[in-house]
Every structure is written in structure tokens, then in C-alpha cells.
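Undergrad: Take a look at this one; I'll ask things after.
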Amino acid sequence: MNQNKVIGLTGSIATGKSQVSRFLKNKGIKVVDADLIARDVANFESVKNKIKEEFGEDLYKKGSLDRKKLAEVVFKNEKSREKLNQIMHPEIYKEIKRQIEGSNDLVFVDIPLFFENEELNKKYGLNFDEIWLVYVDRATQIKRLMERDDISREYAKEKINSQFPIEEKKEKADVIIDNSGTLDETFAQVYNKLKKMC
């Protein structure tokens with residue numbers, strides 16, 4: 001790879017990582033979005049056939065994957081989740097690497113479950129110069145998730161608990177972007193970090 005710098009951008013559910021990702025894109029910085037890639041990969045013919053075979057034809061409506069329905073199938077079933085990952089991950093990582101290699105400049109790779117998938121990142125040869133974490137404290141995270149998804153406190157906690165604890169991610173990240181305040185305050189942090197890199 002010839003690019004100058006590759007930065008992993010991560011967070012946890014309802015921490016505001018997507019807002020930071022959009023800010024970077026608006027500044028003209030290349031962002032490789034693992035979630036968008038996963039959506040595209042799910043509609044690759046070879047992947048689609050494997051998912052239909054494993055989880056049923058009815059997961060595809062009008063040719064596109066019903067992600068909500070699939071999430072319900074795999075959320076509480078570890079074996080199903082592992083099977084889905086075996087189908088999806090090789091293609092997702094192949095496409096992430098292709099998009100990184102297509103740039104000679106600063107690249108952010110938006111990976112929601114970076115720390116959950118550290119072994120996979122190594123397995124598929126993804127290397128990062130820094131890891132940036134978009135952070136909020138747990139109480140704020142629960143509150144925002146409840147409001148965003150219109151769900152109960154119990155269900156919000158369950159979803160958050162299915163991920164690597166945010167405080168442990170904080171210890172492992174190179175850069176912390178604290179999104180507990182206003183978006184303007186968050187974006188100012190990102191802008192200042194970028195300025196130091198230039």
C-alpha cells in the first residue's frame with residue numbers, strides 16, 4: 001500500500017461515530033465505510049445465495065437483504081451469527097482493502113466493531129497507524145440509544161452489553177473523541193486532531 005496514513009475510526013452503538021464520519025467526508029477526507037460495504041456485499045450474487053441457503057429465501061425482499069429481519073435471526077443466536085460472519089467477512093475485508101489501496105492520502109476506515117474484530121483485522125491483513133474512538137459515557141449512551149431507537153432501557157442495555165465495553169475500548173484507542181457535549185464541540189476536537197496531522 002502507498003497511502004500516507006490509515007486510521008481506524010470506531011465507537012460503540014449510539015456514541016456518534018457516524019456523525020464524525022460524515023464530518024470527515026464533508027472535509028473532503030476519504031472514509032471507507034465498513035457498514036456500507038457490508039450492505040453491498042450482502043447483495044453480491046455469491047453471498048446472497050449462501051445467505052438464502054443458510055437462513056431462508058424470505059430474508060431478501062425485491063432482491064435486497066432485509067437487514068432488520070436478519071438481525072433478529074442472528075442477534076441472540078451465536079451459531080447463526082458465526083455462520084453469517086463466515087459468509088460475509090472475507091468479501092467485506094477484500095473490499096475494504098481494495099478501497100484503501102486505491103488512495104495515496106489520509107484514509108479513515110469506519111469500522112463500528114473494530115475492537116470486537118481485532119483478530120479478524122489481523123487475519124485479513126488490515127493495518128492501522130492509529131485508532132480513533134468516538135466516546136460517550138455509559139449513561140449517555142443508554143439515553144441516546146433509547147431515544148434514537150425508541151426502545152426500553154432494558155433493551156438498550158442488552159444491545160450495548162452485546163458489544164465490547166466502551167471503557168475498555170477507551171483504554172485501547174490511540175485518540176479519544178469525546179462526544180458527550182454538543183456536536184460543535186465534538187467536531188472541534190476532530191478538526192484540531194486533523195490540523196496536528198497536517
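By order in the C-alpha cells, chains are A, B, ...; within a chain, residues start at 1; ligands start at 1, following the order shown.
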Output as a list of chain:residue names all residues of region 40-73 of chain A that backbone DSSP marks as alpha helix (DSSP H).

TA: A:Asp40, A:Val41, A:Glu45, A:Ser46, A:Val47, A:Lys48, A:Asn49, A:Lys50, A:Ile51, A:Lys52, A:Glu53, A:Glu54, A:Phe55, A:Arg67, A:Lys68, A:Lys69, A:Leu70, A:Ala71, A:Glu72, A:Val73

Undergrad: Within 6 Å of region 129-144 of chain A, counting only C-alpha atoms, which residues show up once you throw out same-chain ones fewer than 5 positions away? Write them as a PyMOL selection string, please.

TA: chain A and resi 6-11+14-15+17+156+173-180

Undergrad: Counting only C-alpha atoms, what is within 7 Å of Val107 (chain A), bar same-chain residues fewer than 4 positions away, as a ChimeraX atom specification?

TA: /A:5-7,29-31,100

Undergrad: Assign secondary structure with DSSP using the backbone only, and return the residues of region 22-88 of chain A in strand (DSSP E or B) as a PyMOL selection string.

TA: chain A and resi 30-33+60-61+64-65

Undergrad: Which one is closest to Lys172 (chain A): A:Glu116, A:Glu147, A:Asp105, A:Glu185? Count only C-alpha atoms.

TA: A:Glu116

Undergrad: Between A:Glu154, A:Glu54, A:Asp110, A:Glu72, which one has atoms that come closest to Leu84 (chain A), using only C-alpha atoms?

TA: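 With only C-alpha atoms as the atom set, the closest residue is A:Glu54.
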
Undergrad: Compile the contact shell of Ser46 (chain A) as a PyMOL selection string: residues with an atom at most 12 Å away, counting only C-alpha atoms, same-chain residues fewer than 4 positions apart removed.

TA: chain A and resi 41-42+50-53+87-88+91

Undergrad: Out of A:Glu95, A:Tyr191, A:Asn4, A:Leu24, which residue has the shortest atom-to-atom distance to Phe44 (chain A) when counting only C-alpha atoms?

TA: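 Smallest separation from Phe44 (chain A) among the options: A:Glu95.
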
Undergrad: Quick one: residues within 12 Å of Asn121 (chain A), only C-alpha atoms counted, chain neighbours fewer than 4 positions away excluded, as a list in words?

TA: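 Final neighbour list, sorted by chain and number: Gly8, Ala34, His89, Pro90, Ile92, Tyr93, Lys94, Ile96, Lys97, Val109, Ile111, Leu113, Phe114, Phe115, Glu116, Asn117, Gly125, Leu126, Asn127 and Phe128 of chain A.
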
Undergrad: Please identify all polymer residues within 10 Å of Leu70 (chain A), counting only C-alpha atoms, omitting same-chain residues fewer than 2 positions from it, and present them as a list of chain:residue names.

TA: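 So, after excluding close chain neighbours, the residues are A:Ile51, A:Phe55, A:Gly56, A:Asp58, A:Leu59, A:Tyr60, A:Leu65, A:Asp66, A:Arg67, A:Lys68, A:Glu72, A:Val73, A:Val74, A:Phe75, A:Ser80, A:Arg81, A:Leu84.
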